[in-house]
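**Student:** Before we start, here is the structure in question, set down as structure tokens.
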Amino acid sequence: MNNKWIALLLGGLLACHAWAADKQLKIGTLAPKNSLYHRQLMTLGETWRAAQGGGAKYLVYPDGSQGGETDMVRRMRIGQLQGGLLSVVGLREIEPSIAALQAMPLMFNSWDEVDYVREKMRPSMEKKFFDKGFVVLAWGDAGWVRFFSKAPGLRPDDYKKMKFFAWGSELEQQEIMKNLGYTPVPLETGDILPAIQTGMINAVPSTPYFALATQIYNSAPNMLDLNWAPIVGALVVTRKSWDEMSPEVQAQVREAGEKAGAQIRARARQEVDEAVEAMKKRGLAVNTPNPEQMKEWQALAAQLYPKVRGKMVPAETFDEVVGHLKTYRNSKGK
């Protein structure tokens, strides 16, 4: 073999090494470090790294270190991140119709209903994300939104005296809250704890797991025992990073994503009850509405639906969810 061919061979090997070294997936999330969500992301990352081979690098940025979910979507679009484990707050920046799974309060009565509707909508939803440059690898959830507050509350009017945390990017939600007599204070997730400690806010819609992990309950030691809405999320990667994977790598990552999603959903639902029990032992007061008070909450939800439909949730998607729920409940004789 002459020197020319040796040089070409070495050049090719070096190029392959450089390609592998350049391969990286950087994933952002608000999930706390070492949480269930973070651990599942790391497990999926190991699958990707092993399949990719060479010097491929996989990095997860937990705790909102890449900013809020709107910031993370922006970072994905400009290539600073290749993926994100996001709630509907971030996902709707990509595809607004996803809000139907989270922005319709008291619409879902159980996780079985959430699962049924999501699976019915999943193929068309994933296509919408794909058409907008993103691939959904896993679907998850993080528990039901409950209201944590400094003072106890049992009926909707009790919360009109309070200042609520609201996602800074959700302008429509803030407007709806104001119209109904509530006081939203737009913040990012990282601002919640100092804001409630200083009195800037005194009520936080949060899942029990998040309230425990971030210690919110220490400053807001009252929880309304009402499943206001599910927190639904997904792991998405940019289509650019997906297209750079070989079909074999894609298949392995898809399988790992399905497993991660199933683990997140099963474990997260269990952790809701565990988190509430842990907080109760440390002083959390759980306030349960009576039947009369529940009617007031249901009346509030009924007031909200016309305001949500066509604004926070596209009208056709809102109607699709209602239709799927009707079919499911009819099949169960409800």
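A note on labels: chains of the structure tokens are A, B, ... as shown, every chain counts residues from 1, and ligands are counted from 1 in their shown order.
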Go through stretch 18-80 of chain A residue by residue and, counting only C-alpha atoms, keep those with an atom at most 12 Å from stretch 220-233 of chain A; for each kept residue give the shortest atom pair and its distance in Å to one decimal, ordered by chain and increasing number, as a Markdown table.

**Tutor:**
| residue | atom | partner | partner_atom | distance |
| --- | --- | --- | --- | --- |
| A:Thr29 | CA | A:Gly233 | CA | 10.8 |
| A:Leu30 | CA | A:Gly233 | CA | 11.4 |
| A:Ala31 | CA | A:Gly233 | CA | 11.3 |
| A:Tyr37 | CA | A:Gly233 | CA | 10.8 |
| A:Glu69 | CA | A:Gly233 | CA | 11.3 |

**Student:** Give me the residues near A:Gly90 as a PDB file with N, CA, C and O atoms, in the first residue's frame, where near means some atom within 12 Å (using only C-alpha atoms) and where sequence neighbours in that chain fewer than 6 positions away do not count.

**Tutor:**
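Result file around.pdb:
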ATOM      1  N   GLY A  28     -32.488  19.736  28.039  1.00  0.00           N
ATOM      2  CA  GLY A  28     -32.851  20.614  29.148  1.00  0.00           C
ATOM      3  C   GLY A  28     -34.156  20.174  29.796  1.00  0.00           C
ATOM      4  O   GLY A  28     -35.024  19.588  29.149  1.00  0.00           O
ATOM      5  N   THR A  29     -34.303  20.468  31.085  1.00  0.00           N
ATOM      6  CA  THR A  29     -35.550  20.150  31.797  1.00  0.00           C
ATOM      7  C   THR A  29     -35.632  20.954  33.087  1.00  0.00           C
ATOM      8  O   THR A  29     -34.609  21.350  33.649  1.00  0.00           O
ATOM      9  N   LEU A  30     -36.849  21.187  33.530  1.00  0.00           N
ATOM     10  CA  LEU A  30     -37.062  21.814  34.835  1.00  0.00           C
ATOM     11  C   LEU A  30     -36.985  20.786  35.958  1.00  0.00           C
ATOM     12  O   LEU A  30     -36.926  21.150  37.135  1.00  0.00           O
ATOM     13  N   GLY A  67     -32.950  27.871  31.719  1.00  0.00           N
ATOM     14  CA  GLY A  67     -34.041  28.830  31.679  1.00  0.00           C
ATOM     15  C   GLY A  67     -35.382  28.143  31.780  1.00  0.00           C
ATOM     16  O   GLY A  67     -35.482  26.934  32.041  1.00  0.00           O
ATOM     17  N   GLY A  68     -36.452  28.902  31.607  1.00  0.00           N
ATOM     18  CA  GLY A  68     -37.800  28.339  31.616  1.00  0.00           C
ATOM     19  C   GLY A  68     -38.047  27.521  30.364  1.00  0.00           C
ATOM     20  O   GLY A  68     -37.195  27.436  29.463  1.00  0.00           O
ATOM     21  N   GLU A  69     -39.210  26.916  30.272  1.00  0.00           N
ATOM     22  CA  GLU A  69     -39.473  26.020  29.144  1.00  0.00           C
ATOM     23  C   GLU A  69     -39.548  26.769  27.813  1.00  0.00           C
ATOM     24  O   GLU A  69     -39.132  26.242  26.782  1.00  0.00           O
ATOM     25  N   THR A  70     -40.029  27.999  27.849  1.00  0.00           N
ATOM     26  CA  THR A  70     -40.026  28.806  26.624  1.00  0.00           C
ATOM     27  C   THR A  70     -38.590  29.050  26.159  1.00  0.00           C
ATOM     28  O   THR A  70     -38.284  28.979  24.955  1.00  0.00           O
ATOM     29  N   ASP A  71     -37.701  29.320  27.113  1.00  0.00           N
ATOM     30  CA  ASP A  71     -36.275  29.515  26.783  1.00  0.00           C
ATOM     31  C   ASP A  71     -35.683  28.248  26.181  1.00  0.00           C
ATOM     32  O   ASP A  71     -34.898  28.304  25.232  1.00  0.00           O
ATOM     33  N   MET A  72     -36.066  27.094  26.742  1.00  0.00           N
ATOM     34  CA  MET A  72     -35.507  25.835  26.251  1.00  0.00           C
ATOM     35  C   MET A  72     -35.934  25.558  24.811  1.00  0.00           C
ATOM     36  O   MET A  72     -35.133  25.079  24.005  1.00  0.00           O
ATOM     37  N   VAL A  73     -37.190  25.853  24.499  1.00  0.00           N
ATOM     38  CA  VAL A  73     -37.652  25.669  23.117  1.00  0.00           C
ATOM     39  C   VAL A  73     -36.873  26.586  22.181  1.00  0.00           C
ATOM     40  O   VAL A  73     -36.449  26.174  21.091  1.00  0.00           O
ATOM     41  N   ARG A  74     -36.655  27.820  22.611  1.00  0.00           N
ATOM     42  CA  ARG A  74     -35.865  28.758  21.786  1.00  0.00           C
ATOM     43  C   ARG A  74     -34.448  28.219  21.592  1.00  0.00           C
ATOM     44  O   ARG A  74     -33.895  28.274  20.482  1.00  0.00           O
ATOM     45  N   ARG A  75     -33.855  27.677  22.649  1.00  0.00           N
ATOM     46  CA  ARG A  75     -32.493  27.123  22.553  1.00  0.00           C
ATOM     47  C   ARG A  75     -32.447  25.926  21.605  1.00  0.00           C
ATOM     48  O   ARG A  75     -31.463  25.724  20.892  1.00  0.00           O
ATOM     49  N   MET A  76     -33.504  25.126  21.589  1.00  0.00           N
ATOM     50  CA  MET A  76     -33.547  23.997  20.654  1.00  0.00           C
ATOM     51  C   MET A  76     -33.616  24.500  19.214  1.00  0.00           C
ATOM     52  O   MET A  76     -32.965  23.942  18.323  1.00  0.00           O
ATOM     53  N   GLY A  83     -32.690  18.772  22.726  1.00  0.00           N
ATOM     54  CA  GLY A  83     -33.939  18.194  23.205  1.00  0.00           C
ATOM     55  C   GLY A  83     -34.351  18.775  24.535  1.00  0.00           C
ATOM     56  O   GLY A  83     -33.603  19.525  25.174  1.00  0.00           O
ATOM     57  N   GLY A  84     -35.566  18.431  24.954  1.00  0.00           N
ATOM     58  CA  GLY A  84     -36.063  18.901  26.233  1.00  0.00           C
ATOM     59  C   GLY A  84     -37.164  17.993  26.751  1.00  0.00           C
ATOM     60  O   GLY A  84     -37.970  17.479  25.973  1.00  0.00           O
ATOM     61  N   PRO A  96     -49.537  24.382  19.603  1.00  0.00           N
ATOM     62  CA  PRO A  96     -50.542  24.873  20.556  1.00  0.00           C
ATOM     63  C   PRO A  96     -51.616  23.859  20.936  1.00  0.00           C
ATOM     64  O   PRO A  96     -52.136  23.898  22.053  1.00  0.00           O
ATOM     65  N   ILE A  98     -51.473  20.913  21.864  1.00  0.00           N
ATOM     66  CA  ILE A  98     -51.099  20.041  22.986  1.00  0.00           C
ATOM     67  C   ILE A  98     -51.691  20.545  24.293  1.00  0.00           C
ATOM     68  O   ILE A  98     -51.884  19.790  25.248  1.00  0.00           O
ATOM     69  N   ALA A  99     -52.033  21.833  24.359  1.00  0.00           N
ATOM     70  CA  ALA A  99     -52.595  22.419  25.584  1.00  0.00           C
ATOM     71  C   ALA A  99     -53.874  21.724  26.018  1.00  0.00           C
ATOM     72  O   ALA A  99     -54.260  21.780  27.190  1.00  0.00           O
ATOM     73  N   GLN A 102     -53.803  19.630  29.191  1.00  0.00           N
ATOM     74  CA  GLN A 102     -53.451  20.197  30.499  1.00  0.00           C
ATOM     75  C   GLN A 102     -54.245  21.450  30.857  1.00  0.00           C
ATOM     76  O   GLN A 102     -54.344  21.791  32.033  1.00  0.00           O
ATOM     77  N   TRP A 167     -47.410  31.120  34.934  1.00  0.00           N
ATOM     78  CA  TRP A 167     -46.306  31.010  33.988  1.00  0.00           C
ATOM     79  C   TRP A 167     -46.180  32.327  33.215  1.00  0.00           C
ATOM     80  O   TRP A 167     -47.156  32.829  32.652  1.00  0.00           O
ATOM     81  N   GLY A 168     -44.969  32.867  33.175  1.00  0.00           N
ATOM     82  CA  GLY A 168     -44.752  34.139  32.501  1.00  0.00           C
ATOM     83  C   GLY A 168     -45.150  34.140  31.045  1.00  0.00           C
ATOM     84  O   GLY A 168     -45.572  35.166  30.503  1.00  0.00           O
ATOM     85  N   SER A 169     -45.054  32.968  30.389  1.00  0.00           N
ATOM     86  CA  SER A 169     -45.330  32.894  28.949  1.00  0.00           C
ATOM     87  C   SER A 169     -46.817  32.712  28.638  1.00  0.00           C
ATOM     88  O   SER A 169     -47.229  32.844  27.485  1.00  0.00           O
ATOM     89  N   GLU A 170     -47.634  32.402  29.660  1.00  0.00           N
ATOM     90  CA  GLU A 170     -49.038  32.087  29.403  1.00  0.00           C
ATOM     91  C   GLU A 170     -49.918  33.326  29.589  1.00  0.00           C
ATOM     92  O   GLU A 170     -50.663  33.451  30.575  1.00  0.00           O
ATOM     93  N   GLU A 188     -41.082  32.899  36.421  1.00  0.00           N
ATOM     94  CA  GLU A 188     -40.527  31.641  35.951  1.00  0.00           C
ATOM     95  C   GLU A 188     -40.440  30.675  37.127  1.00  0.00           C
ATOM     96  O   GLU A 188     -40.495  31.083  38.293  1.00  0.00           O
ATOM     97  N   ILE A 231     -50.668  17.391  34.943  1.00  0.00           N
ATOM     98  CA  ILE A 231     -49.472  17.941  34.308  1.00  0.00           C
ATOM     99  C   ILE A 231     -48.958  16.880  33.333  1.00  0.00           C
ATOM    100  O   ILE A 231     -48.524  15.801  33.751  1.00  0.00           O
ATOM    101  N   VAL A 232     -49.052  17.173  32.076  1.00  0.00           N
ATOM    102  CA  VAL A 232     -48.665  16.229  31.026  1.00  0.00           C
ATOM    103  C   VAL A 232     -47.418  16.771  30.323  1.00  0.00           C
ATOM    104  O   VAL A 232     -47.264  17.978  30.165  1.00  0.00           O
ATOM    105  N   GLY A 233     -46.535  15.875  29.939  1.00  0.00           N
ATOM    106  CA  GLY A 233     -45.318  16.328  29.279  1.00  0.00           C
ATOM    107  C   GLY A 233     -44.798  15.316  28.281  1.00  0.00           C
ATOM    108  O   GLY A 233     -45.381  14.242  28.092  1.00  0.00           O
ATOM    109  N   ALA A 234     -43.698  15.684  27.658  1.00  0.00           N
ATOM    110  CA  ALA A 234     -43.077  14.788  26.672  1.00  0.00           C
ATOM    111  C   ALA A 234     -41.609  15.139  26.529  1.00  0.00           C
ATOM    112  O   ALA A 234     -41.201  16.286  26.770  1.00  0.00           O
ATOM    113  N   LEU A 235     -40.835  14.139  26.134  1.00  0.00           N
ATOM    114  CA  LEU A 235     -39.441  14.357  25.756  1.00  0.00           C
ATOM    115  C   LEU A 235     -39.404  14.526  24.248  1.00  0.00           C
ATOM    116  O   LEU A 235     -39.839  13.635  23.510  1.00  0.00           O
ATOM    117  N   VAL A 236     -38.923  15.670  23.806  1.00  0.00           N
ATOM    118  CA  VAL A 236     -38.797  15.922  22.367  1.00  0.00           C
ATOM    119  C   VAL A 236     -37.349  16.214  22.020  1.00  0.00           C
ATOM    120  O   VAL A 236     -36.597  16.749  22.838  1.00  0.00           O
TER     121      VAL A 236
END

**Student:** Just the number, please: distance in Å from atom CA of A:Lys57 to atom CA of A:Gly45, one decimal.

**Tutor:** 8.9 Å

**Student:** I want to know what sits within 12 Å of A:Lys334, based on only C-alpha atoms, with residues of the same chain fewer than 5 positions away left out; could you give that as a PDB file with N, CA and C atoms, in the first residue's frame?

**Tutor:**
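Okay, selection-v4.pdb is ready:
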ATOM      1  N   ASN A 109     -61.301  13.018  34.986  1.00  0.00           N
ATOM      2  CA  ASN A 109     -61.632  12.489  36.312  1.00  0.00           C
ATOM      3  C   ASN A 109     -60.633  11.451  36.813  1.00  0.00           C
ATOM      4  N   GLU A 113     -58.655   8.165  32.066  1.00  0.00           N
ATOM      5  CA  GLU A 113     -59.214   9.067  31.056  1.00  0.00           C
ATOM      6  C   GLU A 113     -58.113   9.835  30.341  1.00  0.00           C
ATOM      7  N   LEU A 325     -63.679  11.789  25.489  1.00  0.00           N
ATOM      8  CA  LEU A 325     -64.109  11.521  26.869  1.00  0.00           C
ATOM      9  C   LEU A 325     -65.534  10.971  26.897  1.00  0.00           C
ATOM     10  N   LYS A 326     -66.379  11.506  26.054  1.00  0.00           N
ATOM     11  CA  LYS A 326     -67.754  11.019  25.986  1.00  0.00           C
ATOM     12  C   LYS A 326     -67.782   9.551  25.564  1.00  0.00           C
ATOM     13  N   THR A 327     -66.979   9.224  24.548  1.00  0.00           N
ATOM     14  CA  THR A 327     -66.902   7.832  24.078  1.00  0.00           C
ATOM     15  C   THR A 327     -66.402   6.912  25.178  1.00  0.00           C
ATOM     16  N   TYR A 328     -65.336   7.357  25.874  1.00  0.00           N
ATOM     17  CA  TYR A 328     -64.738   6.538  26.939  1.00  0.00           C
ATOM     18  C   TYR A 328     -65.754   6.313  28.066  1.00  0.00           C
ATOM     19  N   ARG A 329     -66.430   7.373  28.491  1.00  0.00           N
ATOM     20  CA  ARG A 329     -67.359   7.254  29.614  1.00  0.00           C
ATOM     21  C   ARG A 329     -68.567   6.420  29.247  1.00  0.00           C
TER      22      ARG A 329
END

**Student:** Applying 9 Å and only C-alpha atoms, which residues near stretch 131-139 of chain A remain after dropping the ones on its own chain fewer than 4 positions away? List them as a PyMOL selection string.

**Tutor:** chain A and resi 77+83+85+94-95+126-127+232-240+242+253-262+264-265

**Student:** Neighbours of A:Pro208 within 6 Å (only C-alpha atoms; same-chain residues fewer than 3 positions away dropped), as an mmCIF file with N, CA and C atoms, in the first residue's frame?

**Tutor:**
data_model
loop_
_atom_site.group_PDB
_atom_site.id
_atom_site.type_symbol
_atom_site.label_atom_id
_atom_site.label_comp_id
_atom_site.auth_asym_id
_atom_site.auth_seq_id
_atom_site.Cartn_x
_atom_site.Cartn_y
_atom_site.Cartn_z
ATOM 1 N N ALA A 211 -43.887 20.325 44.766
ATOM 2 C CA ALA A 211 -43.962 21.103 46.002
ATOM 3 C C ALA A 211 -43.027 20.539 47.066
ATOM 4 N N VAL A 272 -47.087 10.860 43.728
ATOM 5 C CA VAL A 272 -48.021 11.902 44.167
ATOM 6 C C VAL A 272 -48.487 11.605 45.591
ATOM 7 N N ALA A 275 -45.633 11.776 48.113
ATOM 8 C CA ALA A 275 -45.226 13.153 48.404
ATOM 9 C C ALA A 275 -46.189 13.808 49.383
#

**Student:** Apply DSSP to the structure's backbone, then extract all residues of stretch 10-217 of chain A labelled strand (DSSP E) and return them as an MDAnalysis selection string.

**Tutor:** chainID A and resid 24:29 57:61 83:87 134:144 146:149 163:167 183:187 203:206
